[in-house]
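J.: Once you've had a glance at the structure underneath, I'll fire off some questions.
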Amino acid sequence: MGKVIECNHPLIQHKLAILRDIQTGAKDFRELVTEISMLMGYEVTSDLPLEEREITTPMGPAKVHMISGKKVGLVPILRAGLGMVDGFLSLIPAAKVGHIGLYRDPATFKPVSYYCKMPEDIQSRQIIVLDPMLATGGSAIDSVSELKKMGVTSIKVVNIIAAPEGIEALTEAHPDVDIYVASIDERLNDHKYILPGLGDAGDRLFGTK
């Protein structure tokens with residue numbers, strides 16, 4: 001059964017407060033998203049399996065522990081999810097990156113797919129889906145569904161801010177998927193934006209309107 005894990009580290013919460021501020025410009029916003037993603041990455045990867053190996057230090061042999069098992073794949077949901085990739089790659093530089101492109105229909109609020117490109121060995125990897133905002137949950141649900149169709153069996157979803165409605169929808173659709181968030185906000189408004197949220201993450205990342 002999937003879990004919902006809130007990443008409440010003081011550094012994450014401090015940076016998130018600045019991230020939300022309407023006065024924070026695109027450059028600082030991008031840097032904060034990267035920093036928060038990296039900090040969340042410690043929690044997201046805390047259950048990676050280890051194996052014992054022997055190496056030689058300058059002082060002689062030593063038994064050490066190194067990551068074993070499945071390799072990691074990162075799948076940002078375009079376009080806002082791109083802002084989270086560098087933070088995770090700074091921790092897991094060998095991870096491969098796939099991309100899923102979705103946009104929200106302004107009339108129906110439903111996600112519409114326009115792009116999907118994955119590494120060839122996607123099925124053998126622990127996949128981490130990245131998207132700063134989990135609002136209605138539609139994009140995350142569709143992304144996870146596509147990954148499962150490709151044979152992926154190990155999936156986590158990482159969001160900086162989530163609405164209770166999105167968490168409920170994603171958990172109902174994919175009860176086997178763990179969800180990591182830095183904040184669970186109050187609710188969605190009539191336009192399906194998170195309150196208090198931070199506005200449109202993609203626009204704030206890339207300076208668009």
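Each chain in the structure tokens gets a letter, A, B, ..., in the order shown, and its residues are numbered from 1; ligands are numbered from 1 in order too.
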Can you check which residues of range 88-154 of chain A DSSP gives as strand (DSSP E) on the backbone and send them as a list in words?

T.: Lys96, Val97, His99, Ile100, Gly101, Leu102, Tyr103, Arg104, Pro111, Val112, Ser113, Tyr114, Tyr115, Cys116, Lys117, Arg125, Gln126, Ile127, Ile128, Val129, Leu130, Met133 and Leu134 of chain A

J.: Which of chain A end up as alpha helix (DSSP H) when DSSP is run on this backbone - answer as a ChimeraX atom specification?

T.: /A:10-20,26-44,85-91,138-149,164-173,201-206

J.: Could you check the closest approach to Pro10 in chain A for each of A:Ile36, A:Glu54, A:Gly60, A:Gln23 and tell me which residue wins, using only C-alpha atoms?

T.: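 Among the listed residues, A:Ile36 lies closest to Pro10 in chain A.
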
J.: Skipping near chain neighbours, those fewer than 2 positions away, what residues fall within 12 Å of Leu78 in chain A using only C-alpha atoms, listed as a VMD selection string?

T.: chain A and resid 75 to 76 80 to 85 98 to 104 111 to 117 129 to 133 139 to 140 143 201 to 202 205

J.: For the atom pair CA of Leu48 in chain A and CA of Leu16 in chain A, what is the interatomic distance in Å to one decimal place?

T.: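 According to the coordinates, CA of Leu48 in chain A and CA of Leu16 in chain A are separated by 25.8 Å.
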
J.: Go through A:Glu165, A:Asp178, A:Asp47, A:Asp203 one by one, measure the shortest atom-to-atom distance of each to Gly25 in chain A using only C-alpha atoms, and give the residue with the smallest value.

T.: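 Of A:Glu165, A:Asp178, A:Asp47, A:Asp203, the one nearest Gly25 in chain A is A:Asp203, counting only C-alpha atoms.
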
J.: For CA of Gln123 in chain A and CA of Leu170 in chain A, quote the distance in Å rounded to one decimal.

T.: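 Spanning CA of Gln123 in chain A to CA of Leu170 in chain A is a straight-line distance of 21.0 Å.
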
J.: If I take CA of Lys70 in chain A and CA of Ala162 in chain A, how far is one from the other in Å, to one decimal?

T.: 27.6 Å

J.: Looking at A:Gln13, A:Leu134, A:Asp190, A:Leu198, which one is nearest to Pro106 in chain A, with distances taken over only C-alpha atoms?

T.: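 Selected residue with least distance to Pro106 in chain A: A:Asp190.
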
J.: Between A:Glu52, A:Glu6, A:Asp176, A:Glu35, which one has atoms that come closest to Ser68 in chain A, using only C-alpha atoms?

T.: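 Smallest separation from Ser68 in chain A among the options: A:Glu52.
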